[in-house]
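*Asks:* Next comes upload01.txt, compact mmCIF, C-alpha atoms and all ligand atoms:
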```txt
# COMPACT_ATOMS: atom_id res chain seq x y z
CA MET D 5 0.00 0.00 0.00
CA GLN D 6 1.27 3.45 -0.91
CA TYR D 7 0.69 6.29 1.60
CA PRO D 8 0.91 10.07 0.86
CA TYR D 9 3.88 10.51 3.24
CA ILE D 10 5.99 8.21 1.02
CA LYS D 11 7.78 10.46 -1.48
CA LYS D 12 10.85 8.43 -2.42
CA ALA D 13 10.67 6.03 -5.35
CA ALA D 14 11.86 2.43 -4.90
CA PRO D 15 15.55 1.96 -5.84
CA LYS D 16 16.58 -0.01 -8.92
CA GLY D 17 18.88 -2.28 -6.90
CA GLU D 18 18.60 -3.71 -3.40
CA PRO D 19 16.91 -1.40 -0.87
CA LEU D 20 18.84 0.16 2.02
CA ILE D 21 16.83 -0.47 5.20
CA LEU D 22 17.29 0.82 8.75
CA GLY D 23 15.92 -1.54 11.42
CA ILE D 24 15.03 -0.38 14.94
CA GLU D 25 14.16 -2.61 17.92
CA SER D 26 12.99 -1.45 21.37
CA SER D 27 10.42 -4.01 22.54
CA CYS D 28 12.10 -4.98 25.83
CA ASP D 29 15.43 -3.98 27.39
CA GLU D 30 17.55 -3.76 24.22
CA THR D 31 17.76 -0.58 22.14
CA ALA D 32 19.08 -1.72 18.77
CA ALA D 33 19.57 -0.35 15.26
CA ALA D 34 20.99 -1.99 12.14
CA VAL D 35 21.36 -1.18 8.46
CA ILE D 36 21.07 -3.75 5.66
CA ARG D 37 21.35 -3.53 1.89
CA GLY D 38 19.38 -6.46 0.54
CA ARG D 39 20.41 -9.33 2.82
CA THR D 40 23.84 -7.85 3.47
CA LEU D 41 24.28 -6.56 6.99
CA LEU D 42 26.17 -3.24 7.01
CA SER D 43 25.94 -2.38 10.72
CA ASP D 44 24.47 -3.87 13.87
CA GLU D 45 24.33 -1.75 17.05
CA ILE D 46 22.89 -2.46 20.46
CA ALA D 47 22.63 -0.78 23.86
CA SER D 48 21.16 -2.84 26.68
CA SER D 49 19.68 -1.90 30.02
CA ALA D 50 19.86 -5.57 31.15
CA SER D 51 22.54 -4.87 33.77
CA VAL D 52 20.29 -2.24 35.40
CA GLN D 53 17.24 -4.51 35.09
CA ALA D 54 19.23 -7.34 36.74
CA LEU D 55 19.25 -5.30 39.97
CA TYR D 56 15.45 -5.74 40.07
CA GLY D 57 15.41 -9.41 39.00
CA GLY D 58 13.50 -8.68 35.79
CA VAL D 59 12.59 -5.92 33.34
CA VAL D 60 10.98 -2.84 34.96
CA PRO D 61 8.95 -1.28 32.09
CA GLU D 62 9.44 2.34 33.20
CA ILE D 63 13.21 1.89 33.43
CA ALA D 64 13.27 0.22 30.00
CA SER D 65 11.33 3.09 28.39
CA ARG D 66 13.63 5.72 29.86
CA ALA D 67 16.74 3.77 28.83
CA HIS D 68 15.41 3.55 25.25
CA THR D 69 14.75 7.30 25.23
CA ASP D 70 18.33 7.94 26.38
CA ALA D 71 19.87 5.55 23.85
CA VAL D 72 17.83 5.51 20.64
CA ASP D 73 19.28 8.63 19.00
CA LEU D 74 22.88 7.54 19.60
CA VAL D 75 22.32 3.90 18.62
CA VAL D 76 20.69 4.89 15.31
CA ALA D 77 23.43 7.46 14.61
CA ARG D 78 26.08 4.78 15.24
CA ALA D 79 24.30 2.30 12.98
CA LEU D 80 24.25 4.81 10.12
CA GLU D 81 27.86 5.86 10.70
CA ASN D 82 29.21 2.29 10.90
CA ALA D 83 27.28 1.36 7.76
CA GLY D 84 28.86 4.36 6.00
CA VAL D 85 25.38 5.55 5.08
CA LYS D 86 23.72 8.99 5.22
CA LYS D 87 20.11 8.95 6.37
CA GLU D 88 19.00 10.49 3.06
CA GLN D 89 20.18 7.29 1.31
CA LEU D 90 17.75 5.05 3.23
CA ASP D 91 14.86 3.48 1.32
CA ALA D 92 12.78 2.36 4.32
CA VAL D 93 12.73 2.20 8.11
CA ALA D 94 11.56 -1.04 9.73
CA VAL D 95 10.61 -0.98 13.40
CA THR D 96 9.19 -3.42 15.95
CA TYR D 97 5.60 -2.36 16.77
CA GLY D 98 4.81 -5.43 18.93
CA ALA D 99 4.77 -7.62 20.84
CA GLY D 100 6.46 -6.11 23.83
CA LEU D 101 6.27 -3.46 26.54
CA LEU D 102 4.08 -0.64 25.25
CA GLY D 103 6.14 2.24 26.62
CA ALA D 104 9.35 0.66 25.32
CA LEU D 105 7.89 -0.05 21.86
CA LEU D 106 6.57 3.52 21.56
CA VAL D 107 10.06 4.99 21.89
CA GLY D 108 11.42 3.08 18.86
CA LEU D 109 8.17 3.39 16.91
CA SER D 110 7.87 7.16 17.38
CA PHE D 111 11.52 7.63 16.48
CA ALA D 112 11.05 5.54 13.32
CA LYS D 113 7.95 7.51 12.34
CA GLY D 114 9.92 10.75 12.57
CA PHE D 115 12.56 9.27 10.27
CA ALA D 116 10.03 7.95 7.75
CA TYR D 117 8.08 11.22 7.65
CA ALA D 118 11.12 13.48 7.41
CA LEU D 119 12.76 11.38 4.69
CA GLY D 120 9.55 10.48 2.84
CA ILE D 121 10.37 6.79 2.98
CA PRO D 122 8.14 3.83 3.92
CA LEU D 123 7.61 2.96 7.57
CA ILE D 124 7.43 -0.82 7.99
CA GLY D 125 5.94 -2.05 11.28
CA VAL D 126 7.51 -5.42 12.12
CA ASP D 127 6.09 -8.17 14.32
CA HIS D 128 8.97 -9.01 16.70
CA ILE D 129 8.38 -12.76 16.31
CA ARG D 130 8.53 -12.51 12.53
CA GLY D 131 11.84 -10.74 13.12
CA HIS D 132 13.16 -13.74 15.07
CA LEU D 133 12.11 -15.97 12.17
CA ALA D 134 13.82 -13.68 9.63
CA ALA D 135 17.19 -13.73 11.48
CA ALA D 136 18.09 -16.89 9.52
CA TYR D 137 17.89 -14.96 6.22
CA LEU D 138 20.96 -12.98 7.30
CA GLU D 139 22.86 -16.13 8.12
CA ASP D 140 22.54 -17.64 4.67
CA GLU D 141 21.81 -15.46 1.64
CA THR D 142 20.57 -18.51 -0.29
CA LEU D 143 17.90 -19.43 2.27
CA ARG D 144 14.43 -19.61 0.71
CA PRO D 145 11.17 -21.12 2.01
CA PRO D 146 9.95 -23.70 2.66
CA PHE D 147 11.70 -24.33 5.97
CA MET D 148 10.81 -25.41 9.50
CA THR D 149 11.68 -23.03 12.34
CA LEU D 150 12.12 -23.70 16.03
CA LEU D 151 11.14 -20.47 17.75
CA ALA D 152 12.10 -20.24 21.43
CA SER D 153 12.22 -16.88 23.20
CA GLY D 154 11.14 -15.31 26.48
CA GLY D 155 7.55 -15.02 25.32
CA HIS D 156 7.10 -17.76 22.71
CA THR D 157 7.91 -21.38 22.00
CA ALA D 158 6.62 -22.79 18.75
CA ILE D 159 7.35 -24.81 15.66
CA ILE D 160 6.54 -22.80 12.56
CA HIS D 161 6.49 -23.94 8.95
CA THR D 162 7.43 -21.04 6.68
CA VAL D 163 5.70 -21.92 3.43
CA ALA D 164 6.57 -18.68 1.62
CA GLU D 165 8.29 -15.49 2.85
CA THR D 166 4.96 -14.10 4.08
CA GLN D 167 3.03 -17.34 4.59
CA PHE D 168 3.33 -19.32 7.81
CA GLU D 169 1.77 -22.37 9.39
CA VAL D 170 2.08 -22.67 13.18
CA LEU D 171 2.29 -26.41 13.89
CA GLY D 172 2.32 -26.15 17.66
CA GLY D 173 3.31 -23.99 20.59
CA THR D 174 3.53 -23.85 24.33
CA LEU D 175 0.37 -24.47 26.32
CA ASP D 176 1.66 -22.45 29.28
CA ASP D 177 5.12 -20.89 29.87
CA ALA D 178 7.58 -20.14 27.08
CA ALA D 179 10.96 -21.92 27.17
CA GLY D 180 12.87 -18.71 28.01
CA GLU D 181 10.36 -17.86 30.72
CA ALA D 182 10.97 -21.32 32.27
CA PHE D 183 14.74 -20.68 32.22
CA ASP D 184 14.20 -17.30 33.92
CA LYS D 185 11.89 -18.77 36.59
CA VAL D 186 14.15 -21.74 37.36
CA ALA D 187 17.13 -19.36 37.58
CA ARG D 188 15.25 -17.41 40.20
CA VAL D 189 14.61 -20.60 42.20
CA LEU D 190 18.37 -21.31 42.05
CA SER D 191 19.18 -17.67 43.03
CA LEU D 192 20.88 -17.07 39.68
CA PRO D 193 20.71 -13.56 38.16
CA TYR D 194 18.37 -12.27 35.43
CA PRO D 195 18.19 -13.12 32.56
CA GLY D 196 18.31 -16.74 33.63
CA GLY D 197 19.14 -18.52 30.37
CA PRO D 198 22.87 -17.80 30.10
CA HIS D 199 23.37 -18.38 33.85
CA ILE D 200 21.61 -21.75 33.77
CA GLU D 201 23.69 -22.71 30.73
CA ALA D 202 26.92 -21.76 32.56
CA ALA D 203 25.89 -23.63 35.75
CA ALA D 204 24.84 -26.69 33.71
CA ARG D 205 28.34 -26.98 32.24
CA GLU D 206 29.61 -27.81 35.75
CA GLY D 207 26.89 -30.37 36.50
CA LYS D 208 25.34 -33.67 35.46
CA ALA D 209 21.80 -34.22 34.18
CA ASN D 210 21.18 -36.85 36.89
CA ILE D 211 17.90 -35.63 38.41
CA ARG D 212 14.70 -37.24 37.14
CA LEU D 213 12.39 -34.54 35.82
CA PRO D 214 9.21 -34.92 33.78
CA ARG D 215 9.72 -34.90 29.99
CA MET D 216 6.55 -33.01 29.17
CA LEU D 217 4.26 -33.91 26.24
CA LYS D 218 6.85 -36.26 24.82
CA GLY D 219 4.85 -38.57 22.59
CA GLU D 220 1.45 -36.94 22.95
CA GLY D 221 0.50 -33.33 22.37
CA GLY D 222 1.54 -33.13 18.71
CA TYR D 223 3.95 -30.23 18.32
CA ASN D 224 2.84 -28.55 21.52
CA PHE D 225 4.95 -27.97 24.62
CA SER D 226 4.30 -27.43 28.31
CA TYR D 227 6.78 -26.04 30.81
CA SER D 228 4.74 -25.48 33.97
CA GLY D 229 5.04 -29.12 35.18
CA LEU D 230 8.79 -29.10 34.64
CA LYS D 231 9.18 -25.82 36.49
CA THR D 232 7.08 -27.13 39.42
CA ALA D 233 9.16 -30.35 39.50
CA VAL D 234 12.36 -28.27 39.84
CA ILE D 235 10.82 -26.19 42.63
CA ASN D 236 9.66 -29.37 44.43
CA HIS D 237 13.11 -30.94 44.09
CA CYS D 238 14.74 -27.87 45.69
CA HIS D 239 12.17 -27.62 48.48
CA THR D 240 12.43 -31.32 49.35
CA ALA D 241 16.23 -31.06 49.52
CA GLN D 242 15.99 -27.97 51.75
CA GLN D 243 13.49 -29.69 54.08
CA ARG D 244 15.86 -32.64 54.44
CA GLY D 245 18.65 -30.21 55.26
CA GLU D 246 20.53 -31.25 52.11
CA GLU D 247 22.34 -28.77 49.94
CA VAL D 248 20.87 -28.29 46.47
CA ASN D 249 23.45 -29.06 43.80
CA LYS D 250 22.69 -26.09 41.55
CA ALA D 251 24.84 -27.34 38.70
CA ASP D 252 23.07 -30.71 38.58
CA VAL D 253 19.64 -29.07 38.80
CA ALA D 254 20.62 -26.68 35.98
CA ALA D 255 21.95 -29.50 33.78
CA SER D 256 18.89 -31.70 34.41
CA PHE D 257 16.45 -28.86 33.76
CA GLN D 258 18.31 -27.74 30.63
CA ALA D 259 18.21 -31.24 29.13
CA ALA D 260 14.52 -31.74 30.01
CA ALA D 261 13.56 -28.32 28.62
CA LEU D 262 15.55 -28.48 25.38
CA ASP D 263 15.72 -32.12 24.23
CA ILE D 264 12.01 -32.09 23.45
CA LEU D 265 12.38 -28.97 21.28
CA VAL D 266 15.04 -30.66 19.16
CA LYS D 267 13.04 -33.88 18.85
CA LYS D 268 9.79 -32.24 17.79
CA THR D 269 11.46 -29.82 15.34
CA VAL D 270 13.15 -32.67 13.47
CA GLU D 271 9.89 -34.68 13.49
CA ALA D 272 7.97 -31.70 12.09
CA ALA D 273 10.47 -31.18 9.26
CA LYS D 274 10.29 -34.87 8.35
CA GLU D 275 6.50 -34.99 8.52
CA LYS D 276 6.11 -31.95 6.25
CA GLY D 277 8.86 -33.11 3.90
CA VAL D 278 10.86 -29.91 4.44
CA SER D 279 14.62 -30.28 4.02
CA THR D 280 15.77 -27.09 5.78
CA VAL D 281 15.52 -26.21 9.47
CA THR D 282 16.12 -22.77 11.00
CA ALA D 283 15.80 -21.40 14.52
CA GLY D 284 15.23 -18.09 16.27
CA GLY D 285 14.74 -16.46 19.68
CA GLY D 286 16.90 -15.95 22.75
CA VAL D 287 16.89 -19.60 23.85
CA ILE D 288 18.54 -20.57 20.54
CA ALA D 289 21.69 -18.83 21.88
CA ASN D 290 22.02 -21.85 24.21
CA GLY D 291 25.11 -23.92 23.37
CA TYR D 292 23.62 -27.25 24.48
CA LEU D 293 20.60 -26.67 22.23
CA ARG D 294 22.74 -25.56 19.28
CA GLU D 295 24.94 -28.66 19.52
CA ASN D 296 22.03 -31.06 19.86
CA LEU D 297 19.97 -29.45 17.12
CA SER D 298 23.00 -29.51 14.79
CA ARG D 299 23.63 -33.20 15.53
CA ALA D 300 19.96 -34.19 15.18
CA CYS D 301 19.62 -32.35 11.85
CA GLU D 302 22.81 -33.93 10.55
CA GLU D 303 21.60 -37.41 11.52
CA ALA D 304 18.25 -36.76 9.83
CA GLY D 305 19.89 -35.39 6.67
CA LEU D 306 18.40 -31.91 7.22
CA ARG D 307 20.17 -28.65 6.39
CA LEU D 308 20.31 -26.36 9.44
CA VAL D 309 20.59 -22.57 9.19
CA LEU D 310 21.35 -21.34 12.69
CA PRO D 311 21.65 -17.58 13.28
CA VAL D 312 24.76 -16.46 15.19
CA ARG D 313 24.08 -16.07 18.92
CA LYS D 314 23.72 -12.27 18.84
CA HIS D 315 21.00 -12.59 16.20
CA CYS D 316 19.08 -15.06 18.41
CA THR D 317 18.62 -12.70 21.35
CA ASP D 318 16.88 -9.39 20.60
CA ASN D 319 18.59 -7.32 17.90
CA ALA D 320 17.74 -4.92 15.08
CA ALA D 321 19.38 -6.85 12.23
CA MET D 322 16.50 -9.35 12.32
CA ILE D 323 13.96 -6.48 12.28
CA ALA D 324 15.66 -5.04 9.19
CA ALA D 325 15.66 -8.54 7.61
CA GLU D 326 11.91 -8.91 8.15
CA GLY D 327 11.56 -5.30 6.93
CA LEU D 328 13.12 -6.42 3.64
CA VAL D 329 10.57 -9.24 3.31
CA GLN D 330 7.73 -6.74 3.86
CA TYR D 331 9.36 -4.14 1.58
CA ARG D 332 9.46 -6.64 -1.26
CA ALA D 333 5.82 -7.53 -0.60
CA GLY D 334 4.89 -3.81 -0.63
CA ASN D 335 3.55 -4.01 2.93
CA PHE D 336 4.07 -0.49 4.29
CA SER D 337 2.53 1.01 7.43
CA PRO D 338 0.57 4.20 8.00
CA LEU D 339 2.05 6.85 10.30
CA SER D 340 -0.90 6.14 12.63
CA LEU D 341 0.55 2.67 13.38
CA ASN D 342 0.22 1.99 17.10
CA ALA D 343 2.32 -0.22 19.38
CA ARG D 344 0.82 -3.54 20.46
CA ALA D 345 1.53 -5.42 23.68
CA SER D 346 0.70 -8.74 22.04
CA ILE D 347 0.28 -10.06 18.53
CA PRO D 348 -1.12 -13.57 18.08
CA LEU D 349 1.17 -16.12 16.41
CA ARG D 350 -0.08 -16.63 12.89
O1 LIG O 1 14.37 -13.42 22.15
P1 LIG O 1 14.72 -12.83 23.46
O2 LIG O 1 16.01 -12.09 23.57
O3 LIG O 1 13.58 -11.88 23.95
C1 LIG O 1 12.23 -12.18 23.74
O4 LIG O 1 11.74 -11.90 22.62
O5 LIG O 1 11.64 -12.76 24.67
O6 LIG O 1 14.67 -14.04 24.50
C2 LIG O 1 14.96 -13.82 25.84
C3 LIG O 1 14.94 -15.16 26.56
C4 LIG O 1 15.11 -15.03 28.04
O7 LIG O 1 14.10 -15.78 28.69
C5 LIG O 1 16.49 -15.62 28.29
O8 LIG O 1 16.64 -16.24 29.57
C6 LIG O 1 16.59 -16.62 27.16
O9 LIG O 1 15.99 -16.01 26.07
N1 LIG O 1 18.00 -16.94 26.86
C7 LIG O 1 18.52 -18.17 27.01
C8 LIG O 1 19.90 -18.05 26.71
N2 LIG O 1 20.15 -16.75 26.37
C9 LIG O 1 18.96 -16.08 26.46
N3 LIG O 1 17.97 -19.33 27.39
C10 LIG O 1 18.77 -20.41 27.47
N4 LIG O 1 20.10 -20.36 27.23
C11 LIG O 1 20.71 -19.22 26.84
N5 LIG O 1 22.02 -19.18 26.61
ZN ZN O 2 12.81 -11.46 21.16
```
Will you turn the file into structure tokens for me?
Ligand code: KG4
Ligand code: ZN

*Replies:*
Amino acid sequence: MQYPYIKKAAPKGEPLILGIESSCDETAAAVIRGRTLLSDEIASSASVQALYGGVVPEIASRAHTDAVDLVVARALENAGVKKEQLDAVAVTYGAGLLGALLVGLSFAKGFAYALGIPLIGVDHIRGHLAAAYLEDETLRPPFMTLLASGGHTAIIHTVAETQFEVLGGTLDDAAGEAFDKVARVLSLPYPGGPHIEAAAREGKANIRLPRMLKGEGGYNFSYSGLKTAVINHCHTAQQRGEEVNKADVAASFQAAALDILVKKTVEAAKEKGVSTVTAGGGVIANGYLRENLSRACEEAGLRLVLPVRKHCTDNAAMIAAEGLVQYRAGNFSPLSLNARASIPLR
């Protein structure tokens, strides 16, 4: 759709796109030309948020306001690009914290309006799915994606660049959320994922924990039973006056939480006859998961396109990558685009 604020004609070659992300505690900006990443900047308020054991929305919004101008300026400078050269600005409009989203979205609107270029509102989850496009320039649908972040856990079949089939998802907590909650039980800092991974390296997966929805449940997942089992294990040990071996708990939880993701992703690819697997979301930064998914795909004869770790956790490169998909489809946004706290998986 063409809107009156868009004055600039589409370029003959690959478009130059600025991506902006501010849905949670990361203020990020990146520039791409086609699928080539020219710059990738990030400022995080995670260390401040860690003092509170989680993200405080008001603190996140203020941190974005402080950082966004500088982060965007750095992204343009490191890409060697003047803002007037941009062909579009892609920005996360949801899901996320409303106040945080509005900082990036309003900033992007100012850019789009002043430069007369398309504003492209990006669904954060679609961004996580698009991260794989930056990893391998030859990647084309169809492919099967394991999505595992702080808010979502799902297996998604990308049929075409803008056509998706959600095969299954979590019935309760997301995988990342489970890592964060278990970390809290073990008195490990926020965000829990990397700390559980580090603790697990020192331990053994020798505690029996429920392997949720293993055979049944199709491609769905459930983490609440696993989380409760970890809490019960710790409480029972404390009541007996025994010391909880954090490393063993971390290793056992990590295996129980992640093995099932690998298993079901490979099954889904086989069932749908898809030969390529990709992954996205913060939990995909986990080394144990990356190793096991790589091995399982190799054994099954599937090609795996795994984004580098920094493109698994929140970043703007993936938002620019999804912006390119929408740019090519001509899906531009009005300047009245509002932020959304949640967007259903579809
Ligand atoms: O994608 P993301 O950065 O933000 C959301 O869109 O939610 O994902 C954040 C989640 C957090 O729950 C964090 O604990 C988890 O990803 N995470 C990890 C690892 N790094 C981040 N989980 C397991 N292992 C990791 N290494
Ligand atoms: Zn995310």

*Asks:* With all atoms listed in the file as the basis for distance, which of D:Asn82, D:Ser153, D:Gln6, D:Asn210 is at the shortest distance from ligand ZN 2 (chain O)?

*Replies:*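 Closest to ligand ZN 2 (chain O), using all atoms listed in the file: D:Ser153.
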
*Asks:* Rank nothing, just name the residue among D:Ala209, D:Ala50, D:Cys238, D:Ile159 nearest to Lys268 (chain D), using all atoms listed in the file.

*Replies:*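 Result for the nearest residue to Lys268 (chain D): D:Ile159.
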
*Asks:* Just checking: using all atoms listed in the file, which residue out of D:Lys274, D:His161, D:Arg244, D:His128 ends up closest to Leu306 (chain D)?

*Replies:*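 Answer, going by the shortest atom-to-atom distance: D:Lys274.
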
*Asks:* With all atoms listed in the file as the atoms that count, which of D:Val281, D:Val312, D:Leu106, D:Ile129 lies nearest to ligand LIG 1 (chain O)?

*Replies:*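 Comparing D:Val281, D:Val312, D:Leu106, D:Ile129 against ligand LIG 1 (chain O), the winner is D:Ile129.
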
*Asks:* Please write out the residues within 6 Å of ligand ZN 2 (chain O) as a PyMOL selection string, counting all atoms listed in the file.

*Replies:* chain D and resi 153+285+317-318

*Asks:* 9 Å from ligand LIG 1 (chain O) is the threshold here; counting all atoms listed in the file, which polymer residues fall inside it? Answer as an NGL selection string.

*Replies:* :D and (27-30 or 99-100 or 128-129 or 132 or 151-156 or 178-185 or 187 or 194-202 or 258 or 262 or 284-293 or 313 or 315-319)

*Asks:* One decimal, in Å: what's the spacing between CA of Arg39 (chain D) and CA of Leu310 (chain D)?

*Replies:* 15.6 Å

*Asks:* Please identify all polymer residues within 7 Å of Ile21 (chain D), counting all atoms listed in the file, omitting same-chain residues fewer than 3 positions from it, and present them as a list of chain:residue names.

*Replies:* D:Val35, D:Ile36, D:Arg37, D:Leu90, D:Asp91, D:Ala92, D:Val93, D:Ala94, D:Ala324

*Asks:* Could you write out the selected residues, including C-alpha atoms, as an mmCIF file, in the frame of the given file?

*Replies:*
```cif
data_model
loop_
_atom_site.group_PDB
_atom_site.id
_atom_site.type_symbol
_atom_site.label_atom_id
_atom_site.label_comp_id
_atom_site.auth_asym_id
_atom_site.auth_seq_id
_atom_site.Cartn_x
_atom_site.Cartn_y
_atom_site.Cartn_z
ATOM 1 C CA VAL D 35 21.360 -1.180 8.460
ATOM 2 C CA ILE D 36 21.070 -3.750 5.660
ATOM 3 C CA ARG D 37 21.350 -3.530 1.890
ATOM 4 C CA LEU D 90 17.750 5.050 3.230
ATOM 5 C CA ASP D 91 14.860 3.480 1.320
ATOM 6 C CA ALA D 92 12.780 2.360 4.320
ATOM 7 C CA VAL D 93 12.730 2.200 8.110
ATOM 8 C CA ALA D 94 11.560 -1.040 9.730
ATOM 9 C CA ALA D 324 15.660 -5.040 9.190
#
```

*Asks:* Pick out the residues sitting within 12 Å of Gly222 (chain D), and hand them over as a list in words; count only C-alpha atoms, and ignore anything fewer than 3 positions along from it in its own chain.

*Replies:*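 Once the adjacent positions are removed, what remains is Ala158, Ile159, Val170, Leu171, Gly172, Gly173, Thr174, Leu175, Met216, Leu217, Lys218, Gly219, Phe225, Ser226, Ile264, Leu265, Lys267, Lys268, Thr269, Glu271, Ala272 and Glu275 of chain D.
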
*Asks:* Smallest atom-to-atom distance to Leu297 (chain D): which of D:Gln330, D:Ala273, D:Met322, D:Asp263, using all atoms listed in the file?

*Replies:*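 Checking each of D:Gln330, D:Ala273, D:Met322, D:Asp263 against Leu297 (chain D), counting all atoms listed in the file, the winner is D:Asp263.
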
*Asks:* Report, in Å to a single decimal, how far apart CA of Leu190 (chain D) and CA of Asp177 (chain D) are.

*Replies:*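 Pair CA of Asp177 (chain D) / CA of Leu190 (chain D) returns 18.0 Å.
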
*Asks:* Write out as an NGL selection string the residues lying within 6 Å of Ala32 (chain D), counting only C-alpha atoms and excluding same-chain residues fewer than 6 positions away.

*Replies:* :D and (24-25 or 45-46 or 319-320)

*Asks:* Counting all atoms listed in the file, which residue out of D:Ala283, D:Leu328, D:Leu105, D:Leu349 sits closest to Leu22 (chain D)?

*Replies:*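 Nearest candidate to Leu22 (chain D) out of D:Ala283, D:Leu328, D:Leu105, D:Leu349: D:Leu328.
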
*Asks:* By how many Å are CA of Pro311 (chain D) and CA of Leu138 (chain D) apart?

*Replies:*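 Atom-to-atom, CA of Pro311 (chain D) and CA of Leu138 (chain D) are spaced 7.6 Å apart.
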
*Asks:* Using all atoms listed in the file, which protein or nucleic acid residues come within 9 Å of Asp252 (chain D)? Drop anything in the same chain fewer than 5 positions from it, and give the result as JSON, numbers by chain.

*Replies:* {"D": [203, 204, 206, 207, 208, 209, 210, 211, 257]}
